[in-house]
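Okay, upload.cif now, which holds mmCIF, C-alpha atoms:
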```cif
data_work
#
loop_
_atom_site.label_atom_id
_atom_site.label_comp_id
_atom_site.auth_asym_id
_atom_site.auth_seq_id
_atom_site.Cartn_x
_atom_site.Cartn_y
_atom_site.Cartn_z
CA MET A 1068 -46.09 -42.53 -4.59
CA PRO A 1069 -44.05 -39.38 -5.29
CA GLN A 1070 -40.42 -39.67 -6.29
CA ILE A 1071 -38.06 -37.91 -3.90
CA GLN A 1072 -34.53 -37.15 -5.04
CA PRO A 1073 -31.72 -34.66 -4.40
CA PHE A 1074 -31.57 -31.66 -6.74
CA LEU A 1075 -28.15 -30.02 -6.79
CA THR A 1076 -27.76 -26.51 -8.22
CA PHE A 1077 -24.35 -25.64 -9.64
CA ASN A 1078 -23.13 -22.44 -11.24
CA ASP A 1079 -22.19 -24.01 -14.59
CA GLN A 1080 -20.66 -27.41 -13.78
CA ALA A 1081 -23.69 -29.71 -13.58
CA GLU A 1082 -22.56 -31.97 -16.41
CA GLN A 1083 -18.94 -32.15 -15.23
CA ALA A 1084 -20.09 -33.00 -11.70
CA ALA A 1085 -22.50 -35.68 -12.90
CA ARG A 1086 -19.81 -37.24 -15.10
CA PHE A 1087 -17.36 -37.26 -12.18
CA TYR A 1088 -19.87 -38.74 -9.72
CA THR A 1089 -21.04 -41.44 -12.13
CA SER A 1090 -17.41 -42.41 -12.77
CA ILE A 1091 -16.86 -43.10 -9.07
CA PHE A 1092 -19.82 -45.23 -8.02
CA PRO A 1093 -20.93 -48.57 -9.47
CA ASN A 1094 -24.39 -48.91 -11.04
CA SER A 1095 -24.32 -45.21 -11.98
CA LYS A 1096 -25.07 -43.37 -15.20
CA ILE A 1097 -26.29 -40.16 -16.76
CA THR A 1098 -29.89 -40.69 -17.81
CA ARG A 1099 -30.80 -37.35 -19.45
CA ILE A 1100 -29.33 -33.97 -20.30
CA THR A 1101 -31.64 -31.04 -21.04
CA ARG A 1102 -30.53 -27.81 -22.67
CA TYR A 1103 -31.56 -24.21 -22.19
CA PRO A 1104 -33.90 -22.83 -24.84
CA ASP A 1105 -33.46 -19.30 -26.15
CA LEU A 1106 -34.84 -17.23 -23.28
CA GLY A 1107 -34.38 -13.92 -25.04
CA PRO A 1108 -32.12 -10.97 -24.38
CA GLY A 1109 -30.76 -10.39 -20.91
CA THR A 1110 -30.78 -14.00 -19.77
CA PRO A 1111 -27.53 -15.35 -18.38
CA PHE A 1112 -28.14 -18.75 -19.96
CA THR A 1113 -26.79 -19.61 -23.40
CA PRO A 1114 -29.28 -21.27 -25.76
CA GLY A 1115 -28.23 -24.90 -26.14
CA GLY A 1116 -26.13 -24.85 -22.95
CA VAL A 1117 -26.67 -27.60 -20.41
CA MET A 1118 -29.63 -26.84 -18.14
CA THR A 1119 -30.14 -30.08 -16.17
CA VAL A 1120 -28.46 -33.45 -15.90
CA ASP A 1121 -30.37 -36.41 -14.52
CA PHE A 1122 -28.16 -39.20 -13.23
CA THR A 1123 -28.13 -42.15 -10.88
CA LEU A 1124 -25.53 -43.02 -8.26
CA ASP A 1125 -25.68 -46.70 -7.41
CA GLY A 1126 -29.25 -46.67 -8.70
CA ARG A 1127 -30.39 -43.59 -6.70
CA ALA A 1128 -31.72 -40.68 -8.79
CA PHE A 1129 -30.21 -37.17 -8.69
CA THR A 1130 -30.68 -34.04 -10.77
CA ALA A 1131 -28.07 -31.33 -11.29
CA LEU A 1132 -28.94 -27.86 -12.61
CA ASN A 1133 -26.75 -25.11 -14.01
CA GLY A 1134 -28.42 -22.22 -12.20
CA GLY A 1135 -25.79 -19.50 -12.08
CA PRO A 1136 -23.20 -18.12 -9.68
CA GLN A 1137 -25.67 -17.09 -6.98
CA PHE A 1138 -25.97 -20.72 -5.85
CA LYS A 1139 -23.36 -22.02 -3.41
CA PHE A 1140 -23.10 -25.32 -1.58
CA SER A 1141 -22.52 -25.53 2.16
CA GLN A 1142 -21.98 -28.30 4.70
CA ALA A 1143 -25.60 -27.85 5.75
CA PHE A 1144 -26.29 -30.46 3.04
CA SER A 1145 -24.14 -33.51 2.44
CA ILE A 1146 -24.38 -36.81 0.62
CA SER A 1147 -23.74 -39.83 2.80
CA VAL A 1148 -21.91 -42.85 1.39
CA LEU A 1149 -22.18 -45.81 3.77
CA CYS A 1150 -19.52 -48.36 2.86
CA ASP A 1151 -19.49 -52.09 3.59
CA THR A 1152 -15.70 -52.23 4.04
CA GLN A 1153 -12.74 -50.06 4.96
CA GLN A 1154 -11.41 -50.76 1.47
CA GLN A 1155 -14.48 -48.99 0.02
CA VAL A 1156 -14.00 -46.05 2.41
CA ASP A 1157 -10.37 -45.78 1.28
CA GLU A 1158 -11.27 -46.14 -2.40
CA TYR A 1159 -13.99 -43.47 -2.47
CA TRP A 1160 -11.99 -41.12 -0.25
CA GLY A 1161 -8.98 -41.52 -2.53
CA LYS A 1162 -11.01 -40.72 -5.65
CA PHE A 1163 -12.39 -37.51 -4.15
CA VAL A 1164 -8.94 -36.43 -2.93
CA ALA A 1165 -7.29 -37.26 -6.27
CA ALA A 1166 -9.82 -35.04 -8.06
CA GLY A 1167 -9.08 -32.09 -5.77
CA GLY A 1168 -11.46 -32.74 -2.89
CA THR A 1169 -10.75 -31.16 0.49
CA PRO A 1170 -10.81 -33.43 3.55
CA VAL A 1171 -12.70 -31.83 6.43
CA ALA A 1172 -13.21 -34.00 9.56
CA CYS A 1173 -15.04 -37.07 10.85
CA GLY A 1174 -15.40 -38.66 7.41
CA TRP A 1175 -16.46 -35.46 5.65
CA ILE A 1176 -14.88 -34.31 2.41
CA THR A 1177 -15.83 -31.41 0.13
CA ASP A 1178 -15.42 -32.25 -3.54
CA HIS A 1179 -13.91 -29.92 -6.12
CA PHE A 1180 -17.42 -28.70 -7.04
CA GLY A 1181 -18.15 -27.65 -3.45
CA VAL A 1182 -20.51 -30.54 -2.55
CA SER A 1183 -20.00 -32.13 0.88
CA TRP A 1184 -19.82 -35.90 1.22
CA GLN A 1185 -19.66 -38.21 4.23
CA ILE A 1186 -17.68 -41.38 3.51
CA ASP A 1187 -18.27 -43.78 6.41
CA PRO A 1188 -18.30 -47.49 7.20
CA LYS A 1189 -21.88 -48.74 7.77
CA ASP A 1190 -21.07 -50.18 11.18
CA LEU A 1191 -20.03 -46.72 12.43
CA ILE A 1192 -23.72 -45.77 12.48
CA ASP A 1193 -24.50 -48.81 14.65
CA LEU A 1194 -21.62 -48.03 17.02
CA ILE A 1195 -22.59 -44.38 17.53
CA SER A 1196 -26.28 -45.30 17.89
CA ASP A 1197 -25.76 -47.88 20.66
CA PRO A 1198 -25.62 -46.25 24.12
CA ALA A 1199 -23.08 -48.89 25.22
CA THR A 1200 -20.57 -47.94 22.50
CA ALA A 1201 -21.56 -44.43 21.44
CA GLY A 1202 -19.20 -42.55 23.76
CA LYS A 1203 -16.00 -44.37 22.82
CA ALA A 1204 -16.99 -44.55 19.15
CA MET A 1205 -17.73 -40.81 18.96
CA GLN A 1206 -14.61 -39.83 20.90
CA THR A 1207 -12.46 -41.88 18.55
CA MET A 1208 -14.26 -40.70 15.41
CA MET A 1209 -13.83 -37.05 16.45
CA THR A 1210 -10.03 -37.45 16.23
CA MET A 1211 -10.18 -38.61 12.60
CA VAL A 1212 -10.37 -36.92 9.23
CA LYS A 1213 -10.91 -40.04 7.10
CA ILE A 1214 -12.74 -42.67 9.15
CA ASP A 1215 -10.76 -45.74 10.19
CA GLY A 1216 -13.45 -48.26 11.09
CA GLU A 1217 -10.98 -50.75 12.54
CA ALA A 1218 -9.57 -48.16 14.94
CA ILE A 1219 -13.08 -47.28 16.11
CA ARG A 1220 -13.95 -50.95 16.63
CA ARG A 1221 -10.72 -51.44 18.64
CA ALA A 1222 -11.49 -48.39 20.81
CA VAL A 1223 -15.00 -49.63 21.51
CA ALA A 1224 -13.70 -53.10 22.42
CA THR A 1225 -11.41 -51.75 25.17
#
```
Let me see the structure of the file written as structure tokens.
Amino acid sequence: MPQIQPFLTFNDQAEQAARFYTSIFPNSKITRITRYPDLGPGTPFTPGGVMTVDFTLDGRAFTALNGGPQFKFSQAFSISVLCDTQQQVDEYWGKFVAAGGTPVACGWITDHFGVSWQIDPKDLIDLISDPATAGKAMQTMMTMVKIDGEAIRRAVAT
């Protein structure tokens, strides 16, 4: 079976990003750092500089690459964090904001490296997937920046 994992390309902050991400989530660690070899004259990469960083976030594998300034992140790709409790939503949201993240809308936040994250309670997915609750859940969610699961549950109950 092939291994499928996200591969994030940064300008030159792969190691800093991996260290930040692994500091936030439990069961996370950096598993390998590779370095650029001497690629000869004209290359933008410094011999011995960090090339890739392999890491896990809550046991899920990721790779980060220092690829140069031509690579930019967009909201077309995001990393979803489905939380068991509102306390987890608040905790993760707070850590991203404290590090310079920019809140967007509907549970989305862009971290200080430019990567988009969705920090949501797990039951939100159930509420927006159920035709009986989807309308009220979505209408309520669309008014929020950070998701308040309790407020969505109250709106659906009325």
Run the PyMOL selection byres ((chain A and resi 1102-1117) around 9) against the file shown and list the residues it catches, as a PyMOL selection string. chain A and resi 1079-1082+1100-1101+1118-1120+1132-1135
For this file, the PyMOL selection byres ((chain A and resi 1155) around 12) selects which residues, as a ChimeraX atom specification? /A:1091-1093,1148-1154,1156-1162,1186-1189,1213-1216
Hey, can you spit out that residue selection with C-alpha atoms as a CSV table (one decimal), keeping the file's coordinate frame?
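Saved as again_14.csv:
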```csv
chain,number,residue,atom,x,y,z
A,1091,ILE,CA,-16.9,-43.1,-9.1
A,1092,PHE,CA,-19.8,-45.2,-8.0
A,1093,PRO,CA,-20.9,-48.6,-9.5
A,1148,VAL,CA,-21.9,-42.8,1.4
A,1149,LEU,CA,-22.2,-45.8,3.8
A,1150,CYS,CA,-19.5,-48.4,2.9
A,1151,ASP,CA,-19.5,-52.1,3.6
A,1152,THR,CA,-15.7,-52.2,4.0
A,1153,GLN,CA,-12.7,-50.1,5.0
A,1154,GLN,CA,-11.4,-50.8,1.5
A,1156,VAL,CA,-14.0,-46.0,2.4
A,1157,ASP,CA,-10.4,-45.8,1.3
A,1158,GLU,CA,-11.3,-46.1,-2.4
A,1159,TYR,CA,-14.0,-43.5,-2.5
A,1160,TRP,CA,-12.0,-41.1,-0.2
A,1161,GLY,CA,-9.0,-41.5,-2.5
A,1162,LYS,CA,-11.0,-40.7,-5.6
A,1186,ILE,CA,-17.7,-41.4,3.5
A,1187,ASP,CA,-18.3,-43.8,6.4
A,1188,PRO,CA,-18.3,-47.5,7.2
A,1189,LYS,CA,-21.9,-48.7,7.8
A,1213,LYS,CA,-10.9,-40.0,7.1
A,1214,ILE,CA,-12.7,-42.7,9.2
A,1215,ASP,CA,-10.8,-45.7,10.2
A,1216,GLY,CA,-13.4,-48.3,11.1
```
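Excluding region 1123-1127 of chain A and any residue on its chain fewer than 4 positions from it, the residues at most 8 Å away by only C-alpha atoms are Gln1072, Tyr1088, Thr1089, Phe1092, Pro1093, Asn1094, Ser1095, Lys1096, Ile1097 and Thr1098 of chain A.
Here the question is which of A:Phe1180, A:Ile1071, A:Gly1174, A:Ser1141 gets nearest to Gln1083 (chain A) using all atoms listed in the file, and that residue is A:Phe1180.
From CA of Thr1169 (chain A) back to CA of Ile1195 (chain A), the distance works out to 24.6 Å.
In this model, the gap between CA of Ile1146 (chain A) and CA of Val1182 (chain A) comes to 8.0 Å.
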Please list as a CSV table (one decimal) with C-alpha atoms, in the coordinates of the input every residue within 12 Å of Ala1224 (chain A), counting all atoms listed in the file and excluding residues in the same chain fewer than 4 positions away.
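File part-v3.csv, as written:
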```csv
chain,number,residue,atom,x,y,z
A,1194,LEU,CA,-21.6,-48.0,17.0
A,1199,ALA,CA,-23.1,-48.9,25.2
A,1200,THR,CA,-20.6,-47.9,22.5
A,1201,ALA,CA,-21.6,-44.4,21.4
A,1202,GLY,CA,-19.2,-42.6,23.8
A,1203,LYS,CA,-16.0,-44.4,22.8
A,1204,ALA,CA,-17.0,-44.6,19.2
A,1207,THR,CA,-12.5,-41.9,18.6
A,1217,GLU,CA,-11.0,-50.8,12.5
A,1218,ALA,CA,-9.6,-48.2,14.9
A,1219,ILE,CA,-13.1,-47.3,16.1
A,1220,ARG,CA,-14.0,-51.0,16.6
```
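Counting all atoms listed in the file and comparing A:Trp1175, A:Phe1122, A:Val1223, A:Met1068, the residue that lies closest to Arg1086 (chain A) is A:Phe1122.
Of the residues under consideration (A:Phe1077, A:Phe1129, A:Phe1144, A:Phe1087), A:Phe1087 shows the shortest atom-to-atom contact distance to Ala1166 (chain A) when counting only C-alpha atoms.
The coordinates place CA of Ala1143 (chain A) at 20.8 Å from CA of Leu1191 (chain A).
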Calculate, to one decimal in Å, the centre and edge lengths of the box along x, y and z of the file that holds all listed atoms of region 1152-1162 of chain A with 5 Å of margin on each side, and present them as lines of an AutoDock Vina configuration file.
```
center_x = -12.3
center_y = -46.5
center_z = -0.3
size_x = 16.7
size_y = 21.5
size_z = 20.6
```
Under the rule that only C-alpha atoms are counted, which of A:Thr1225, A:Gln1142, A:Thr1130, A:Ser1090 is the nearest residue to Gly1181 (chain A)? A:Gln1142
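Neighbours of Thr1177 (chain A) closer than or equal to 10 Å, with all atoms listed in the file counted and sequence neighbours fewer than 6 positions away skipped, come out as Phe1140, Ser1141, Gln1142, Ser1145, Phe1163, Val1164, Gly1167, Gly1168, Thr1169, Pro1170, Val1171, Ser1183, Trp1184 and Gln1185 of chain A.
Nearest residue to Val1212 (chain A) among A:Pro1198, A:Cys1173, A:Pro1073, A:Asp1193 is A:Cys1173, counting all atoms listed in the file.
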